[in-house]
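All remarks here apply to the structure that follows.
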Amino acid sequence: MDLYEYQAKELFGRHGIPVPAGRVAATAAEARAIAAELDTPVVIKAQVKTGGRGKAGGIRPAAGPAAAQAEADRVIGMDIKGHTAHRVLVEAATVPFEEYYAAFLVDRAEGAFLAMVSAQGGMEIEELAARDPDAIVKLPIDPATGVDADTARQLAAKAGLPEQTAEVLEKLWHVLVAEDALLVEVNPLICTTDQRIMALDGKVTLDGNAAFRHDRERYAEQSDSLEARARAKGLNYVKLDGTVGVIGNGAGLVMSTLDVVAGAGANPANFLDIGGGASAQVMADGLEIILADPDVRSVLVNVFGGITACDAVANGIVTALALLGERGQGRPIVVRLDGNNAEVGRRILSDARHPAVRQVSTMDGAAEMAARLAAGA
């Protein structure tokens, strides 16, 4: 589960990491009221789960309440890399003297934790890594010992950060461990003109497998509404950045489908695994969630029949489209069926003659068609 910036900063604050004063607003009028309470120049920051907000115009300074309302009105509703900004963070403007980068994450390739720290912050880490990989200090962290005060000081010194950053680095590690996070990132971590260390931005990814240990409903309720709706229906759904909706049965097949869609030149709009059972209601729920996403321009249903045969899946699709009515007709749906009773399933879809459905026999071909349709070709 990815958190919005304001949620990450609320989490940082609970762990004693300094952040600028500010609150989230859903309307321009709320942004004006918050700016008036802060009584200082502010920054209006689009709350979306993607980078590049500044380049897209989603971060705007405002000298006072009236300017805050005007800028919030421009930002709310803005599309940033396929994400709509429904809220803004109204935050006291802070002038950095220096900007750094700091992150702790789970390194799956090595099966360990990794610290990444740099004295060059404020830009996307991918850009920095490509331009000057030596500028990023990477240090494996032993989970048995973690990051104590001495380790944090050594990490800060190795990266060329001021000594006072060590305390914040140690606290960031505590956030990762205490909150069962997969990633805790601050970019930039700043030193202000009066030598205070502060998290000017924040990115946190929580481990969904550890949700039973935490009260995360506040994040679920405030996260993407499609994810909340899918969770209520018992669907394994994750919102992504693209335009091709993806439904599959089995996490491995869905992950492979995402890769094939990307290889066809399109970006997947979601991850949606309907699991081993593809009843009409499950399929209807899945299609309803995907078609409710305005970013989706085409849908790819990729099913390999096993315990649940393809004829049952096909009947589910036909019934689902009947249940959805007009909502199921606006965008093309590419279906690839393979495995148990695939021929029967394909015949069921052909006989239904639904105007939205296109059938393709291979996964690569289905992905290529879905990509073309998403592009309007």
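FYI, nothing fancy with the structure tokens labels: chains A, B, ... in order, residues from 1 per chain, ligands from 1 as they appear.
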Notebook entry, point to check: What are the DSSP alpha helix (DSSP H) residues of region 82-312 of chain A, as a PyMOL selection string?
Noted result: chain A and resi 125-131+149-159+165-178+217-222+225-232+251-263+280-291+310-312
- [ ] Can you pull out every residue within 9 Å of Val344 (chain A), counting only C-alpha atoms, but drop anything in the same chain fewer than 2 positions away, and send it as JSON, numbers by chain?
- [x] {"A": [310, 311, 314, 341, 342, 346, 347, 348, 349]}
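Reported to one decimal place, the separation of CA of Met198 (chain A) from CA of Asp180 (chain A) is 22.4 Å.
Close contacts of Pro162 (chain A), defined as residues with an atom at most 9 Å away when counting only C-alpha atoms, with chain neighbours fewer than 5 positions off set aside, comprise Ala156, Ala157 and Cys191 of chain A.
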How would the residues just picked look written out with C-alpha atoms as a short mmCIF file (atom, residue, chain, number, x, y, z; two decimals), in the first residue's frame?
```
data_model
loop_
_atom_site.label_atom_id
_atom_site.label_comp_id
_atom_site.auth_asym_id
_atom_site.auth_seq_id
_atom_site.Cartn_x
_atom_site.Cartn_y
_atom_site.Cartn_z
CA ALA A 156 25.66 10.18 7.22
CA ALA A 157 29.43 10.63 7.22
CA CYS A 191 18.89 21.32 6.04
#
```
Judged by only C-alpha atoms, the minimum distance to Val334 (chain A) among A:Gly248, A:Gly111, A:Gly202, A:Gly52 is found for A:Gly248
- Leu324 (chain A): which residues within 10 Å, counting only C-alpha atoms, same-chain residues fewer than 5 positions away excluded, as a ChimeraX atom specification? /A:284-285,287-288,291,318-319,329
Region 77-80 of chain A environment, 9 Å, only C-alpha atoms, sequence neighbours closer than 3 positions dropped, as a PDB file with N, CA and C atoms, in the first residue's frame:
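And here is the file that came out, part.pdb:
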```pdb
ATOM      1  N   ALA A  46       0.057  18.934  -4.995  1.00  0.00           N
ATOM      2  CA  ALA A  46      -0.891  17.910  -5.452  1.00  0.00           C
ATOM      3  C   ALA A  46      -0.590  16.592  -4.747  1.00  0.00           C
ATOM      4  N   VAL A  48      -0.785  12.970  -5.223  1.00  0.00           N
ATOM      5  CA  VAL A  48      -0.907  11.858  -6.158  1.00  0.00           C
ATOM      6  C   VAL A  48       0.222  10.880  -5.860  1.00  0.00           C
ATOM      7  N   THR A  50       2.584   9.414  -7.473  1.00  0.00           N
ATOM      8  CA  THR A  50       3.537   9.335  -8.563  1.00  0.00           C
ATOM      9  C   THR A  50       4.517  10.485  -8.423  1.00  0.00           C
ATOM     10  N   GLY A  51       5.651  10.383  -9.084  1.00  0.00           N
ATOM     11  CA  GLY A  51       6.632  11.451  -9.058  1.00  0.00           C
ATOM     12  C   GLY A  51       6.387  12.457 -10.172  1.00  0.00           C
ATOM     13  N   GLY A  52       7.269  13.430 -10.261  1.00  0.00           N
ATOM     14  CA  GLY A  52       7.182  14.416 -11.327  1.00  0.00           C
ATOM     15  C   GLY A  52       6.128  15.477 -11.142  1.00  0.00           C
ATOM     16  N   ARG A  53       5.679  15.686  -9.888  1.00  0.00           N
ATOM     17  CA  ARG A  53       4.628  16.691  -9.670  1.00  0.00           C
ATOM     18  C   ARG A  53       5.099  18.091 -10.008  1.00  0.00           C
ATOM     19  N   ALA A  56       5.146  18.839 -13.633  1.00  0.00           N
ATOM     20  CA  ALA A  56       3.791  18.880 -14.192  1.00  0.00           C
ATOM     21  C   ALA A  56       2.998  20.087 -13.715  1.00  0.00           C
ATOM     22  N   GLY A  57       3.568  20.900 -12.842  1.00  0.00           N
ATOM     23  CA  GLY A  57       2.859  22.066 -12.328  1.00  0.00           C
ATOM     24  C   GLY A  57       1.999  21.769 -11.119  1.00  0.00           C
ATOM     25  N   GLY A  58       2.262  20.631 -10.461  1.00  0.00           N
ATOM     26  CA  GLY A  58       1.453  20.250  -9.314  1.00  0.00           C
ATOM     27  C   GLY A  58       1.960  20.745  -7.986  1.00  0.00           C
ATOM     28  N   ASP A  73      -7.171  25.779  -6.602  1.00  0.00           N
ATOM     29  CA  ASP A  73      -8.214  25.609  -7.615  1.00  0.00           C
ATOM     30  C   ASP A  73      -7.609  25.118  -8.930  1.00  0.00           C
ATOM     31  N   ARG A  74      -6.383  25.540  -9.216  1.00  0.00           N
ATOM     32  CA  ARG A  74      -5.702  25.086 -10.428  1.00  0.00           C
ATOM     33  C   ARG A  74      -5.229  23.631 -10.293  1.00  0.00           C
ATOM     34  N   HIS A  83      -2.710  10.226 -12.931  1.00  0.00           N
ATOM     35  CA  HIS A  83      -3.292  10.293 -11.596  1.00  0.00           C
ATOM     36  C   HIS A  83      -3.991  11.640 -11.424  1.00  0.00           C
ATOM     37  N   THR A  84      -5.215  11.621 -10.949  1.00  0.00           N
ATOM     38  CA  THR A  84      -5.958  12.851 -10.713  1.00  0.00           C
ATOM     39  C   THR A  84      -5.724  13.330  -9.286  1.00  0.00           C
ATOM     40  N   ALA A  85      -5.375  14.599  -9.140  1.00  0.00           N
ATOM     41  CA  ALA A  85      -5.154  15.187  -7.814  1.00  0.00           C
ATOM     42  C   ALA A  85      -6.500  15.588  -7.217  1.00  0.00           C
ATOM     43  N   HIS A  86      -7.006  14.776  -6.298  1.00  0.00           N
ATOM     44  CA  HIS A  86      -8.273  15.076  -5.639  1.00  0.00           C
ATOM     45  C   HIS A  86      -8.069  15.929  -4.384  1.00  0.00           C
ATOM     46  N   ARG A  87      -6.835  15.961  -3.893  1.00  0.00           N
ATOM     47  CA  ARG A  87      -6.526  16.735  -2.688  1.00  0.00           C
ATOM     48  C   ARG A  87      -5.190  17.437  -2.861  1.00  0.00           C
TER      49      ARG A  87
END
```
Sel. of strand (DSSP E or B) residues, region 65-189 of chain A, as a VMD selection string: chain A and resid 79 to 80 83 to 84 88 to 92 96 to 107 112 to 118 136 to 141 181 to 189
**Message:** Which residues are near Gln154 (chain A)? Cut-off 12 Å, only C-alpha atoms, ignore same chain within fewer than 5 positions. Put them as a list of chain:residue names.
**Reply:**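 So the residues in contact are A:Ala115, A:Val117, A:Val137, A:Leu139, A:Val147, A:Asp148, A:Ala149, A:Ala159, A:Gly160, A:Leu161, A:Pro162, A:Glu163, A:Gln164, A:Thr165, A:Ala166, A:Glu167, A:Leu169, A:Glu170.
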Please write the residues from the selection above to a file, keeping N, CA, C and O atoms, as a PDB file, in the first residue's frame.
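Result file follows (part-v8.pdb):
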```
ATOM      1  N   ALA A 115      20.065   0.589   2.751  1.00  0.00           N
ATOM      2  CA  ALA A 115      20.032   2.038   2.965  1.00  0.00           C
ATOM      3  C   ALA A 115      20.594   2.714   1.719  1.00  0.00           C
ATOM      4  O   ALA A 115      21.604   2.269   1.160  1.00  0.00           O
ATOM      5  N   VAL A 117      21.545   6.671   0.552  1.00  0.00           N
ATOM      6  CA  VAL A 117      21.685   8.053   1.034  1.00  0.00           C
ATOM      7  C   VAL A 117      22.564   8.824   0.061  1.00  0.00           C
ATOM      8  O   VAL A 117      23.524   8.278  -0.494  1.00  0.00           O
ATOM      9  N   VAL A 137      25.159   6.551  -1.873  1.00  0.00           N
ATOM     10  CA  VAL A 137      25.770   5.565  -0.978  1.00  0.00           C
ATOM     11  C   VAL A 137      24.740   4.484  -0.688  1.00  0.00           C
ATOM     12  O   VAL A 137      23.635   4.775  -0.229  1.00  0.00           O
ATOM     13  N   LEU A 139      24.132   0.904   1.380  1.00  0.00           N
ATOM     14  CA  LEU A 139      24.680   0.112   2.480  1.00  0.00           C
ATOM     15  C   LEU A 139      23.688  -0.956   2.892  1.00  0.00           C
ATOM     16  O   LEU A 139      22.579  -0.631   3.343  1.00  0.00           O
ATOM     17  N   VAL A 147      19.609  -0.282  12.405  1.00  0.00           N
ATOM     18  CA  VAL A 147      20.314   0.998  12.340  1.00  0.00           C
ATOM     19  C   VAL A 147      20.219   1.676  13.705  1.00  0.00           C
ATOM     20  O   VAL A 147      19.158   2.163  14.094  1.00  0.00           O
ATOM     21  N   ASP A 148      21.335   1.689  14.427  1.00  0.00           N
ATOM     22  CA  ASP A 148      21.391   2.406  15.704  1.00  0.00           C
ATOM     23  C   ASP A 148      22.058   3.751  15.470  1.00  0.00           C
ATOM     24  O   ASP A 148      22.356   4.135  14.334  1.00  0.00           O
ATOM     25  N   ALA A 149      22.311   4.478  16.551  1.00  0.00           N
ATOM     26  CA  ALA A 149      22.877   5.823  16.429  1.00  0.00           C
ATOM     27  C   ALA A 149      24.243   5.800  15.754  1.00  0.00           C
ATOM     28  O   ALA A 149      24.554   6.650  14.911  1.00  0.00           O
ATOM     29  N   ALA A 159      28.082   9.441   3.308  1.00  0.00           N
ATOM     30  CA  ALA A 159      27.385  10.133   2.221  1.00  0.00           C
ATOM     31  C   ALA A 159      27.704  11.623   2.172  1.00  0.00           C
ATOM     32  O   ALA A 159      27.257  12.313   1.243  1.00  0.00           O
ATOM     33  N   GLY A 160      28.436  12.122   3.156  1.00  0.00           N
ATOM     34  CA  GLY A 160      28.765  13.537   3.173  1.00  0.00           C
ATOM     35  C   GLY A 160      27.653  14.417   3.694  1.00  0.00           C
ATOM     36  O   GLY A 160      27.580  15.608   3.361  1.00  0.00           O
ATOM     37  N   LEU A 161      26.767  13.860   4.512  1.00  0.00           N
ATOM     38  CA  LEU A 161      25.680  14.628   5.116  1.00  0.00           C
ATOM     39  C   LEU A 161      26.124  15.205   6.450  1.00  0.00           C
ATOM     40  O   LEU A 161      27.003  14.648   7.122  1.00  0.00           O
ATOM     41  N   PRO A 162      25.519  16.320   6.882  1.00  0.00           N
ATOM     42  CA  PRO A 162      25.858  16.883   8.185  1.00  0.00           C
ATOM     43  C   PRO A 162      25.574  15.881   9.304  1.00  0.00           C
ATOM     44  O   PRO A 162      24.691  15.026   9.196  1.00  0.00           O
ATOM     45  N   GLU A 163      26.315  15.993  10.388  1.00  0.00           N
ATOM     46  CA  GLU A 163      26.194  15.052  11.505  1.00  0.00           C
ATOM     47  C   GLU A 163      24.783  15.020  12.079  1.00  0.00           C
ATOM     48  O   GLU A 163      24.300  13.965  12.508  1.00  0.00           O
ATOM     49  N   GLN A 164      24.084  16.177  12.051  1.00  0.00           N
ATOM     50  CA  GLN A 164      22.748  16.228  12.667  1.00  0.00           C
ATOM     51  C   GLN A 164      21.703  15.443  11.886  1.00  0.00           C
ATOM     52  O   GLN A 164      20.592  15.226  12.361  1.00  0.00           O
ATOM     53  N   THR A 165      22.032  14.989  10.662  1.00  0.00           N
ATOM     54  CA  THR A 165      21.077  14.164   9.924  1.00  0.00           C
ATOM     55  C   THR A 165      20.996  12.752  10.481  1.00  0.00           C
ATOM     56  O   THR A 165      20.034  12.029  10.215  1.00  0.00           O
ATOM     57  N   ALA A 166      21.985  12.341  11.252  1.00  0.00           N
ATOM     58  CA  ALA A 166      22.027  10.966  11.754  1.00  0.00           C
ATOM     59  C   ALA A 166      20.792  10.635  12.583  1.00  0.00           C
ATOM     60  O   ALA A 166      20.249   9.529  12.486  1.00  0.00           O
ATOM     61  N   GLU A 167      20.333  11.565  13.388  1.00  0.00           N
ATOM     62  CA  GLU A 167      19.170  11.305  14.227  1.00  0.00           C
ATOM     63  C   GLU A 167      17.936  11.025  13.385  1.00  0.00           C
ATOM     64  O   GLU A 167      17.150  10.111  13.682  1.00  0.00           O
ATOM     65  N   LEU A 169      17.961   9.892  10.257  1.00  0.00           N
ATOM     66  CA  LEU A 169      18.171   8.610   9.586  1.00  0.00           C
ATOM     67  C   LEU A 169      17.794   7.444  10.497  1.00  0.00           C
ATOM     68  O   LEU A 169      17.150   6.484  10.063  1.00  0.00           O
ATOM     69  N   GLU A 170      18.177   7.548  11.755  1.00  0.00           N
ATOM     70  CA  GLU A 170      17.834   6.487  12.708  1.00  0.00           C
ATOM     71  C   GLU A 170      16.324   6.376  12.881  1.00  0.00           C
ATOM     72  O   GLU A 170      15.757   5.275  12.933  1.00  0.00           O
TER      73      GLU A 170
END
```
What lies within 10 Å of region 356-371 of chain A using only C-alpha atoms, ignoring chain neighbours under 3 positions off, as a JSON list (two decimals) with N, CA and C atoms, in the first residue's frame?
```
[["chain", "number", "residue", "atom", "x", "y", "z"],
["A", 243, "THR", "N", -3.26, 2.66, -19.22],
["A", 243, "THR", "CA", -4.57, 2.79, -19.87],
["A", 243, "THR", "C", -5.20, 1.45, -20.26],
["A", 244, "VAL", "N", -4.47, 0.34, -20.06],
["A", 244, "VAL", "CA", -5.00, -0.98, -20.37],
["A", 244, "VAL", "C", -5.37, -1.69, -19.08],
["A", 245, "GLY", "N", -6.68, -1.90, -18.86],
["A", 245, "GLY", "CA", -7.12, -2.64, -17.70],
["A", 245, "GLY", "C", -6.80, -4.11, -17.85],
["A", 246, "VAL", "N", -6.37, -4.76, -16.77],
["A", 246, "VAL", "CA", -5.94, -6.16, -16.84],
["A", 246, "VAL", "C", -6.68, -7.00, -15.82],
["A", 256, "SER", "N", 2.66, -11.67, -15.43],
["A", 256, "SER", "CA", 3.16, -11.89, -16.78],
["A", 256, "SER", "C", 2.40, -11.04, -17.79],
["A", 257, "THR", "N", 1.10, -10.91, -17.58],
["A", 257, "THR", "CA", 0.27, -10.11, -18.48],
["A", 257, "THR", "C", 0.69, -8.64, -18.45],
["A", 258, "LEU", "N", 0.99, -8.14, -17.26],
["A", 258, "LEU", "CA", 1.45, -6.75, -17.15],
["A", 258, "LEU", "C", 2.72, -6.55, -17.97],
["A", 259, "ASP", "N", 3.64, -7.52, -17.88],
["A", 259, "ASP", "CA", 4.88, -7.41, -18.64],
["A", 259, "ASP", "C", 4.63, -7.44, -20.15],
["A", 260, "VAL", "N", 3.72, -8.31, -20.59],
["A", 260, "VAL", "CA", 3.44, -8.42, -22.02],
["A", 260, "VAL", "C", 2.76, -7.15, -22.53],
["A", 261, "VAL", "N", 1.87, -6.58, -21.73],
["A", 261, "VAL", "CA", 1.23, -5.31, -22.12],
["A", 261, "VAL", "C", 2.29, -4.22, -22.28],
["A", 262, "ALA", "N", 3.21, -4.16, -21.32],
["A", 262, "ALA", "CA", 4.29, -3.16, -21.41],
["A", 262, "ALA", "C", 5.15, -3.41, -22.65],
["A", 263, "GLY", "N", 5.41, -4.69, -22.95],
["A", 263, "GLY", "CA", 6.19, -5.03, -24.13],
["A", 263, "GLY", "C", 5.49, -4.67, -25.42],
["A", 264, "ALA", "N", 4.15, -4.57, -25.37],
["A", 264, "ALA", "CA", 3.39, -4.19, -26.55],
["A", 264, "ALA", "C", 3.31, -2.68, -26.73],
["A", 265, "GLY", "N", 3.96, -1.95, -25.83],
["A", 265, "GLY", "CA", 4.02, -0.50, -25.97],
["A", 265, "GLY", "C", 2.97, 0.27, -25.21],
["A", 266, "ALA", "N", 2.25, -0.40, -24.30],
["A", 266, "ALA", "CA", 1.23, 0.27, -23.49],
["A", 266, "ALA", "C", 1.57, 0.10, -22.02],
["A", 267, "ASN", "N", 0.88, 0.86, -21.18],
["A", 267, "ASN", "CA", 1.07, 0.74, -19.74],
["A", 267, "ASN", "C", -0.19, 0.16, -19.10],
["A", 268, "PRO", "N", -0.04, -0.86, -18.24],
["A", 268, "PRO", "CA", -1.20, -1.42, -17.56],
["A", 268, "PRO", "C", -1.83, -0.40, -16.62],
["A", 297, "ARG", "N", -8.74, 2.64, -21.23],
["A", 297, "ARG", "CA", -9.24, 2.79, -22.60],
["A", 297, "ARG", "C", -9.52, 1.45, -23.26],
["A", 298, "SER", "N", -8.96, 0.39, -22.74],
["A", 298, "SER", "CA", -9.28, -0.96, -23.19],
["A", 298, "SER", "C", -9.04, -1.92, -22.04],
["A", 299, "VAL", "N", -9.64, -3.11, -22.13],
["A", 299, "VAL", "CA", -9.51, -4.11, -21.07],
["A", 299, "VAL", "C", -8.99, -5.41, -21.68],
["A", 300, "LEU", "N", -8.04, -6.03, -20.99],
["A", 300, "LEU", "CA", -7.51, -7.32, -21.40],
["A", 300, "LEU", "C", -7.86, -8.36, -20.33],
["A", 301, "VAL", "N", -8.68, -9.33, -20.72],
["A", 301, "VAL", "CA", -9.01, -10.45, -19.83],
["A", 301, "VAL", "C", -8.17, -11.64, -20.28],
["A", 302, "ASN", "N", -7.25, -12.07, -19.45],
["A", 302, "ASN", "CA", -6.32, -13.15, -19.80],
["A", 302, "ASN", "C", -6.49, -14.29, -18.79],
["A", 303, "VAL", "N", -7.11, -15.38, -19.24],
["A", 303, "VAL", "CA", -7.46, -16.47, -18.33],
["A", 303, "VAL", "C", -6.92, -17.79, -18.87],
["A", 317, "ILE", "N", -18.13, -14.04, -18.12],
["A", 317, "ILE", "CA", -17.96, -12.77, -18.85],
["A", 317, "ILE", "C", -19.27, -12.33, -19.48],
["A", 318, "VAL", "N", -19.97, -13.26, -20.13],
["A", 318, "VAL", "CA", -21.23, -12.92, -20.78],
["A", 318, "VAL", "C", -22.24, -12.42, -19.75],
["A", 321, "LEU", "N", -21.24, -8.93, -18.42],
["A", 321, "LEU", "CA", -21.55, -7.84, -19.33],
["A", 321, "LEU", "C", -23.05, -7.55, -19.36],
["A", 328, "GLY", "N", -20.77, -1.76, -19.64],
["A", 328, "GLY", "CA", -19.86, -2.72, -20.24],
["A", 328, "GLY", "C", -19.67, -2.55, -21.72],
["A", 329, "GLN", "N", -20.22, -1.51, -22.32],
["A", 329, "GLN", "CA", -20.18, -1.37, -23.77],
["A", 329, "GLN", "C", -19.32, -0.21, -24.24],
["A", 330, "GLY", "N", -18.88, 0.64, -23.36],
["A", 330, "GLY", "CA", -18.18, 1.85, -23.79],
["A", 330, "GLY", "C", -16.76, 1.62, -24.26],
["A", 331, "ARG", "N", -16.07, 0.60, -23.73],
["A", 331, "ARG", "CA", -14.67, 0.38, -24.08],
["A", 331, "ARG", "C", -14.44, -1.06, -24.51],
["A", 332, "PRO", "N", -13.51, -1.28, -25.45],
["A", 332, "PRO", "CA", -13.29, -2.64, -25.97],
["A", 332, "PRO", "C", -12.69, -3.56, -24.90],
["A", 333, "ILE", "N", -13.10, -4.83, -24.95],
["A", 333, "ILE", "CA", -12.62, -5.85, -24.02],
["A", 333, "ILE", "C", -12.02, -6.98, -24.84],
["A", 334, "VAL", "N", -10.71, -7.17, -24.71],
["A", 334, "VAL", "CA", -10.00, -8.22, -25.43],
["A", 334, "VAL", "C", -9.89, -9.43, -24.50],
["A", 335, "VAL", "N", -10.32, -10.59, -25.00],
["A", 335, "VAL", "CA", -10.34, -11.80, -24.17],
["A", 335, "VAL", "C", -9.44, -12.85, -24.79],
["A", 336, "ARG", "N", -8.56, -13.40, -23.97],
["A", 336, "ARG", "CA", -7.74, -14.54, -24.37],
["A", 336, "ARG", "C", -8.03, -15.68, -23.40],
["A", 337, "LEU", "N", -8.56, -16.78, -23.92],
["A", 337, "LEU", "CA", -8.84, -17.97, -23.12],
["A", 337, "LEU", "C", -7.94, -19.11, -23.59],
["A", 338, "ASP", "N", -7.35, -19.81, -22.62],
["A", 338, "ASP", "CA", -6.52, -20.96, -22.95],
["A", 338, "ASP", "C", -6.67, -21.98, -21.83],
["A", 342, "ALA", "N", -11.02, -24.45, -23.43],
["A", 342, "ALA", "CA", -10.84, -23.14, -24.07],
["A", 342, "ALA", "C", -11.72, -23.00, -25.32],
["A", 343, "GLU", "N", -11.79, -24.05, -26.13],
["A", 343, "GLU", "CA", -12.57, -23.96, -27.37],
["A", 343, "GLU", "C", -14.05, -23.72, -27.07],
["A", 346, "ARG", "N", -14.47, -20.10, -25.99],
["A", 346, "ARG", "CA", -14.41, -19.15, -27.11],
["A", 346, "ARG", "C", -15.72, -19.17, -27.90],
["A", 349, "LEU", "N", -18.38, -17.12, -26.18],
["A", 349, "LEU", "CA", -18.21, -15.68, -26.40],
["A", 349, "LEU", "C", -18.59, -15.29, -27.83],
["A", 350, "SER", "N", -18.26, -16.14, -28.79],
["A", 350, "SER", "CA", -18.60, -15.85, -30.19],
["A", 350, "SER", "C", -20.11, -15.82, -30.37],
["A", 352, "ALA", "N", -22.31, -15.14, -28.16],
["A", 352, "ALA", "CA", -22.92, -14.00, -27.46],
["A", 352, "ALA", "C", -22.88, -12.73, -28.30],
["A", 353, "ARG", "N", -21.88, -12.61, -29.16],
["A", 353, "ARG", "CA", -21.75, -11.46, -30.08],
["A", 353, "ARG", "C", -21.86, -10.12, -29.37],
["A", 374, "ALA", "N", -6.19, 0.81, -26.90],
["A", 374, "ALA", "CA", -6.00, 1.86, -25.89],
["A", 374, "ALA", "C", -5.43, 3.11, -26.52],
["A", 375, "ALA", "N", -4.64, 2.93, -27.58],
["A", 375, "ALA", "CA", -4.03, 4.07, -28.28],
["A", 375, "ALA", "C", -4.98, 4.68, -29.29],
["A", 376, "GLY", "N", -6.17, 4.07, -29.45],
["A", 376, "GLY", "CA", -7.14, 4.58, -30.41],
["A", 376, "GLY", "C", -6.94, 4.12, -31.82],
["A", 377, "ALA", "N", -6.07, 3.11, -31.98],
["A", 377, "ALA", "CA", -5.78, 2.61, -33.35],
["A", 377, "ALA", "C", -6.81, 1.58, -33.78]]
```
If you count only C-alpha atoms, the residue of A:Pro65, A:Ala29, A:Leu176, A:Leu128 closest to Leu11 (chain A) turns out to be A:Leu176
Residue nearest Phe97 (chain A) among A:Gly208, A:Gly234, A:Gly122, A:Gly22 (counting only C-alpha atoms) |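 The answer is A:Gly122, which sits nearest to Phe97 (chain A).
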Glu124 (chain A) proximity check over A:Lys171, A:Lys158, A:Lys55, A:His214, using only C-alpha atoms: winner is A:Lys55
Atom pair CA of Lys9 (chain A) + CA of Val88 (chain A), distance 13.5 Å
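Distance-wise, CA of Ala92 (chain A) and CA of Ala31 (chain A) end up 11.9 Å apart.
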